[in-house]
Amino acid sequence: MAKAVKTIGVLTSGGDAPGMNAAIRSVVRVAIGKGMKVKGIMRGYAGLLQEEIVDMESSSVSDIIHRGGTILYTARCSEFTTPEGQKKGAEICKKHGIDGVVVIGGDGSFRGAGKLSALGVNTIGLPGTIDLDIACTDYTIGFDTAVNTAMEAIDKVRDTSTSHERCSIIEVMGRNAGYIALWCGFANGAEDILLPERYDGDEQKLINRIIENRKRGKKHNIIINAEGIGHSASMARRIEAATGIETRATILGHMQRGGAPTCKDRVYASIMGAKAVELLAEGKSNRVVGYKHGEFMDFDIQDALAMKKDIPEDQYEISKMLIR
């Protein structure tokens with residue numbers, strides 16, 4: 001019989017994402033409602049190894065659901081990638097009476113969660129990343145906010161690009177995944193979308209399309225470039241030299257990680273937080289909560305990490321048909 005968890009630790013790890021606070025709030029309040037204790041682990045695995053651990057009450061998470069970022073802060077931790085660091089982390093959890101941990105982060109964070117689970121600490125992962133690059137889930141905490149932030153910024157760049165009759169290359173985040181770029185390409189009516197999963201490096205094709213667009217009277221050209229391709233500034237210089245059309249690069253950067261989370265990120269993150277507590281209450285461990293085919297479900301961490309994810313081919317083909 002699986003042993004139910006009595007004290008939960010919750011941490012955020014890796015890149016921050018809007019909606020993480022909603023997930024933290026849900027973990028704390030649902031756990032307390034089930035009679036569990038909750039401890040906040042500050043600054044991810046780095047804070048765990050430094051024993052930056054605080055008791056959390058229901059009031060600890062008041063007035064945070066609308067805030068971006070994470071009240072627990074976050075950090076990278078190379079020490080926790082080592083067996084020694086992982087063993088130390090598990091020992092610290094046991095020292096503080098933490099028999100279950102909710103880890104909110106991306107695939108690197110889940111690898112750490114899997115190691116803690118193997119060392120006897122029940123762990124549940126929640127997918128917190130704006131990149132939407134976790135294969136077991138169709139939704140990740142923060143993506144909806146990030147893509148809406150990028151969309152609104154690109155609308156503004158289009159206004160000035162049209163006024164100056166120029167070409168604009170706008171670089172969005174996503175690490176090595178092109179989901180933010182693809183969605184913005186759709187939503188902003190881009191003339192070209194460059195995705196790490198599909199871009200063949202044929203810059204001449206871009207140049208030819210810009211020239212053709214200008215010949216048929218188009219006054220501006222918006223190219224959405226994914227972070228995984230990058231080099232937007234040098235690309236802009238080459239395009240301007242080849243076309244004679246003023247070309248500017250705009251890198252949206254970390255603004256996409258900030259700001260108040262959307263309704264979807266607040267609601268889905270809250271549901272995922274509650275699901276994590278329910279799994280720990282059942283004595284489950286080494287699981288990731290995901291959203292697949294319209295339902296919230298959970299997966300084995302190692303199985304989830306082994307899954308591969310790609311841009312949906314039908315969506316990519318539709319995006320190409322819409323480029324004119």
# chains A, B, ... in the order shown; residues from 1 in each chain; ligands from 1
call {"tool": "closest_atom_pairs", "arguments": {"of": "region 114-203 of chain A", "to": "region 235-248 of chain A", "cutoff": "10 Å", "atoms": "only C-alpha atoms", "output": "CSV"}}
result
residue,atom,partner,partner_atom,distance
A:Ser161,CA,A:Arg248,CA,8.7
A:His164,CA,A:Glu246,CA,8.4
A:Glu165,CA,A:Glu246,CA,7.8
A:Arg166,CA,A:Glu246,CA,5.0
A:Cys167,CA,A:Thr247,CA,4.6
A:Ser168,CA,A:Arg248,CA,5.0
A:Ile169,CA,A:Arg248,CA,6.2
A:Ile170,CA,A:Arg248,CA,8.5
A:Glu203,CA,A:Ile239,CA,8.3
call {"tool": "write_last_selection", "arguments": {"atoms": "N, CA and C atoms", "output": "short mmCIF file (atom, residue, chain, number, x, y, z; two decimals), in the first residue's frame"}}
result
data_model
loop_
_atom_site.label_atom_id
_atom_site.label_comp_id
_atom_site.auth_asym_id
_atom_site.auth_seq_id
_atom_site.Cartn_x
_atom_site.Cartn_y
_atom_site.Cartn_z
N SER A 161 6.27 49.43 -38.60
CA SER A 161 6.84 48.85 -39.82
C SER A 161 6.06 49.31 -41.05
N HIS A 164 6.80 53.07 -41.86
CA HIS A 164 8.10 53.30 -42.49
C HIS A 164 8.32 52.44 -43.73
N GLU A 165 7.30 51.64 -44.09
CA GLU A 165 7.40 50.76 -45.26
C GLU A 165 8.66 49.90 -45.21
N ARG A 166 8.86 49.26 -44.09
CA ARG A 166 10.08 48.48 -43.89
C ARG A 166 9.76 47.00 -43.66
N CYS A 167 10.78 46.22 -43.65
CA CYS A 167 10.72 44.80 -43.27
C CYS A 167 11.13 44.69 -41.81
N SER A 168 10.39 43.92 -41.03
CA SER A 168 10.72 43.73 -39.62
C SER A 168 10.90 42.25 -39.33
N ILE A 169 12.04 41.91 -38.74
CA ILE A 169 12.27 40.55 -38.24
C ILE A 169 12.07 40.61 -36.73
N ILE A 170 11.11 39.84 -36.24
CA ILE A 170 10.78 39.88 -34.82
C ILE A 170 11.08 38.51 -34.21
N GLU A 203 17.91 31.49 -47.00
CA GLU A 203 17.63 32.91 -46.82
C GLU A 203 17.23 33.57 -48.15
#
call {"tool": "residues_around", "arguments": {"residues": "Arg324 (chain A)", "least_positions_apart": "6", "cutoff": "9 Å", "atoms": "only C-alpha atoms", "output": "PDB file with C-alpha atoms, in the first residue's frame"}}
result
ATOM      1  CA  ALA A 190       3.151  37.243 -40.608  1.00  0.00           C
ATOM      2  CA  GLU A 191       4.586  37.148 -44.095  1.00  0.00           C
ATOM      3  CA  ASP A 192       7.089  34.488 -43.007  1.00  0.00           C
ATOM      4  CA  ARG A 209       9.417  36.699 -51.254  1.00  0.00           C
ATOM      5  CA  ASN A 213       5.661  41.313 -52.023  1.00  0.00           C
TER       6      ASN A 213
END
call {"tool": "closest_atom_pairs", "arguments": {"of": "region 142-244 of chain A", "to": "region 18-29 of chain A", "cutoff": "10 Å", "atoms": "only C-alpha atoms", "output": "tab-separated table"}}
result
residue	atom	partner	partner_atom	distance
A:Gly142	CA	A:Pro18	CA	4.5
A:Phe143	CA	A:Pro18	CA	8.0
A:Asp144	CA	A:Pro18	CA	8.7
A:Thr145	CA	A:Pro18	CA	6.5
A:Ala146	CA	A:Pro18	CA	7.6
call {"tool": "select_by_dssp", "arguments": {"residues": "region 145-303 of chain A", "states": "helix (DSSP H, G or I)", "output": "MDAnalysis selection string"}}
result
chainID A and resid 145:163 179:187 203:215 232:243 253:257 263:281 301:303
call {"tool": "atom_distance", "arguments": {"atom1": "CA of Ser319 (chain A)", "atom2": "CA of Ile222 (chain A)"}}
result
13.9 Å
call {"tool": "closest_atom_pairs", "arguments": {"of": "region 69-181 of chain A", "to": "region 31-34 of chain A", "cutoff": "12 Å", "atoms": "only C-alpha atoms", "output": "tab-separated table"}}
result
residue	atom	partner	partner_atom	distance
A:Gly100	CA	A:Ala31	CA	11.2
A:Val101	CA	A:Ala31	CA	11.7
A:Val102	CA	A:Ala31	CA	11.1
call {"tool": "write_last_selection", "arguments": {"atoms": "C-alpha atoms", "output": "short mmCIF file (atom, residue, chain, number, x, y, z; two decimals), in the first residue's frame"}}
result
data_model
loop_
_atom_site.label_atom_id
_atom_site.label_comp_id
_atom_site.auth_asym_id
_atom_site.auth_seq_id
_atom_site.Cartn_x
_atom_site.Cartn_y
_atom_site.Cartn_z
CA GLY A 100 6.64 14.78 -0.95
CA VAL A 101 7.73 17.55 -3.35
CA VAL A 102 5.87 19.35 -6.11
#
call {"tool": "closest_residue", "arguments": {"among": "A:Gly112, A:Gly217, A:Ile71, A:Gly258", "to": "Pro83 (chain A)", "atoms": "only C-alpha atoms"}}
result
A:Gly112
call {"tool": "residues_around", "arguments": {"residues": "Ala276 (chain A)", "least_positions_apart": "5", "cutoff": "9 Å", "atoms": "only C-alpha atoms", "output": "list in words"}}
result
Val27, Val102, Thr123, Ile124, Gly125, Leu126, Ile271, Ala281, Arg287, Val288, Val289 and Asp298 of chain A
call {"tool": "closest_residue", "arguments": {"among": "A:Asp16, A:Glu84, A:Asp314, A:Asp133", "to": "Lys115 (chain A)", "atoms": "only C-alpha atoms"}}
result
A:Glu84
call {"tool": "residues_around", "arguments": {"residues": "Arg198 (chain A)", "least_positions_apart": "6", "cutoff": "9 Å", "atoms": "only C-alpha atoms", "output": "PyMOL selection string"}}
result
chain A and resi 178+311+316
call {"tool": "write_last_selection", "arguments": {"atoms": "N, CA and C atoms", "output": "mmCIF file, in the first residue's frame"}}
result
data_model
loop_
_atom_site.group_PDB
_atom_site.id
_atom_site.type_symbol
_atom_site.label_atom_id
_atom_site.label_comp_id
_atom_site.auth_asym_id
_atom_site.auth_seq_id
_atom_site.Cartn_x
_atom_site.Cartn_y
_atom_site.Cartn_z
ATOM 1 N N GLY A 178 9.442 25.904 -31.633
ATOM 2 C CA GLY A 178 8.885 26.995 -32.429
ATOM 3 C C GLY A 178 7.428 27.307 -32.183
ATOM 4 N N ILE A 311 6.317 20.132 -34.070
ATOM 5 C CA ILE A 311 5.259 21.030 -34.531
ATOM 6 C C ILE A 311 4.200 20.215 -35.279
ATOM 7 N N TYR A 316 1.380 23.544 -39.389
ATOM 8 C CA TYR A 316 2.472 24.129 -40.178
ATOM 9 C C TYR A 316 2.041 24.331 -41.626
#
call {"tool": "atom_distance", "arguments": {"atom1": "CA of Met307 (chain A)", "atom2": "CA of Glu295 (chain A)"}}
result
18.3 Å
call {"tool": "select_by_dssp", "arguments": {"residues": "region 153-185 of chain A", "states": "strand (DSSP E or B)", "output": "list of chain:residue names"}}
result
A:Cys167, A:Ser168, A:Ile169, A:Ile170, A:Glu171, A:Val172
call {"tool": "atom_distance", "arguments": {"atom1": "CA of Ser234 (chain A)", "atom2": "CA of Leu322 (chain A)"}}
result
26.6 Å
call {"tool": "residues_around", "arguments": {"residues": "Met42 (chain A)", "least_positions_apart": "2", "cutoff": "9 Å", "atoms": "only C-alpha atoms", "output": "list in words"}}
result
Val10, Leu11, Thr12, Gly40, Gly44, Tyr45, Ala46, Gly47, Leu48, Glu51, Glu52, Ile53, Val54, Ile71, Leu72, Tyr73 and Thr74 of chain A
call {"tool": "write_last_selection", "arguments": {"atoms": "N, CA and C atoms", "output": "mmCIF file, in the first residue's frame"}}
result
data_model
loop_
_atom_site.group_PDB
_atom_site.id
_atom_site.type_symbol
_atom_site.label_atom_id
_atom_site.label_comp_id
_atom_site.auth_asym_id
_atom_site.auth_seq_id
_atom_site.Cartn_x
_atom_site.Cartn_y
_atom_site.Cartn_z
ATOM 1 N N VAL A 10 7.173 22.560 -1.975
ATOM 2 C CA VAL A 10 6.880 23.028 -3.327
ATOM 3 C C VAL A 10 7.978 23.969 -3.773
ATOM 4 N N LEU A 11 8.452 23.778 -5.018
ATOM 5 C CA LEU A 11 9.516 24.639 -5.547
ATOM 6 C C LEU A 11 9.269 24.934 -7.017
ATOM 7 N N THR A 12 9.850 26.041 -7.473
ATOM 8 C CA THR A 12 9.840 26.385 -8.896
ATOM 9 C C THR A 12 11.284 26.386 -9.370
ATOM 10 N N GLY A 40 7.549 25.888 1.640
ATOM 11 C CA GLY A 40 8.042 26.487 0.402
ATOM 12 C C GLY A 40 9.553 26.359 0.330
ATOM 13 N N GLY A 44 14.398 27.102 -6.111
ATOM 14 C CA GLY A 44 14.538 25.810 -6.751
ATOM 15 C C GLY A 44 15.452 24.845 -6.018
ATOM 16 N N TYR A 45 16.134 24.007 -6.792
ATOM 17 C CA TYR A 45 17.025 23.011 -6.187
ATOM 18 C C TYR A 45 18.208 23.676 -5.479
ATOM 19 N N ALA A 46 18.621 24.837 -5.955
ATOM 20 C CA ALA A 46 19.707 25.561 -5.290
ATOM 21 C C ALA A 46 19.304 25.927 -3.864
ATOM 22 N N GLY A 47 18.070 26.399 -3.697
ATOM 23 C CA GLY A 47 17.571 26.735 -2.365
ATOM 24 C C GLY A 47 17.385 25.511 -1.488
ATOM 25 N N LEU A 48 17.007 24.392 -2.110
ATOM 26 C CA LEU A 48 16.883 23.154 -1.346
ATOM 27 C C LEU A 48 18.226 22.776 -0.736
ATOM 28 N N GLU A 51 19.062 24.814 2.119
ATOM 29 C CA GLU A 51 18.038 24.721 3.175
ATOM 30 C C GLU A 51 17.264 26.026 3.333
ATOM 31 N N GLU A 52 16.951 26.671 2.223
ATOM 32 C CA GLU A 52 16.097 27.870 2.234
ATOM 33 C C GLU A 52 14.643 27.403 2.178
ATOM 34 N N ILE A 53 14.156 26.964 3.308
ATOM 35 C CA ILE A 53 12.847 26.311 3.394
ATOM 36 C C ILE A 53 11.996 27.051 4.418
ATOM 37 N N VAL A 54 10.769 27.404 4.026
ATOM 38 C CA VAL A 54 9.895 28.183 4.907
ATOM 39 C C VAL A 54 8.544 27.488 5.042
ATOM 40 N N ILE A 71 6.731 33.627 -6.530
ATOM 41 C CA ILE A 71 7.052 34.144 -5.197
ATOM 42 C C ILE A 71 8.130 33.307 -4.516
ATOM 43 N N LEU A 72 8.353 32.085 -5.004
ATOM 44 C CA LEU A 72 9.393 31.227 -4.426
ATOM 45 C C LEU A 72 10.750 31.465 -5.094
ATOM 46 N N TYR A 73 10.771 32.311 -6.099
ATOM 47 C CA TYR A 73 11.992 32.578 -6.870
ATOM 48 C C TYR A 73 12.484 31.291 -7.551
ATOM 49 N N THR A 74 13.449 31.438 -8.426
ATOM 50 C CA THR A 74 13.934 30.285 -9.174
ATOM 51 C C THR A 74 15.401 30.477 -9.513
#
call {"tool": "closest_residue", "arguments": {"among": "A:Thr162, A:His293, A:Val121, A:Ile323", "to": "Leu206 (chain A)", "atoms": "only C-alpha atoms"}}
result
A:Ile323
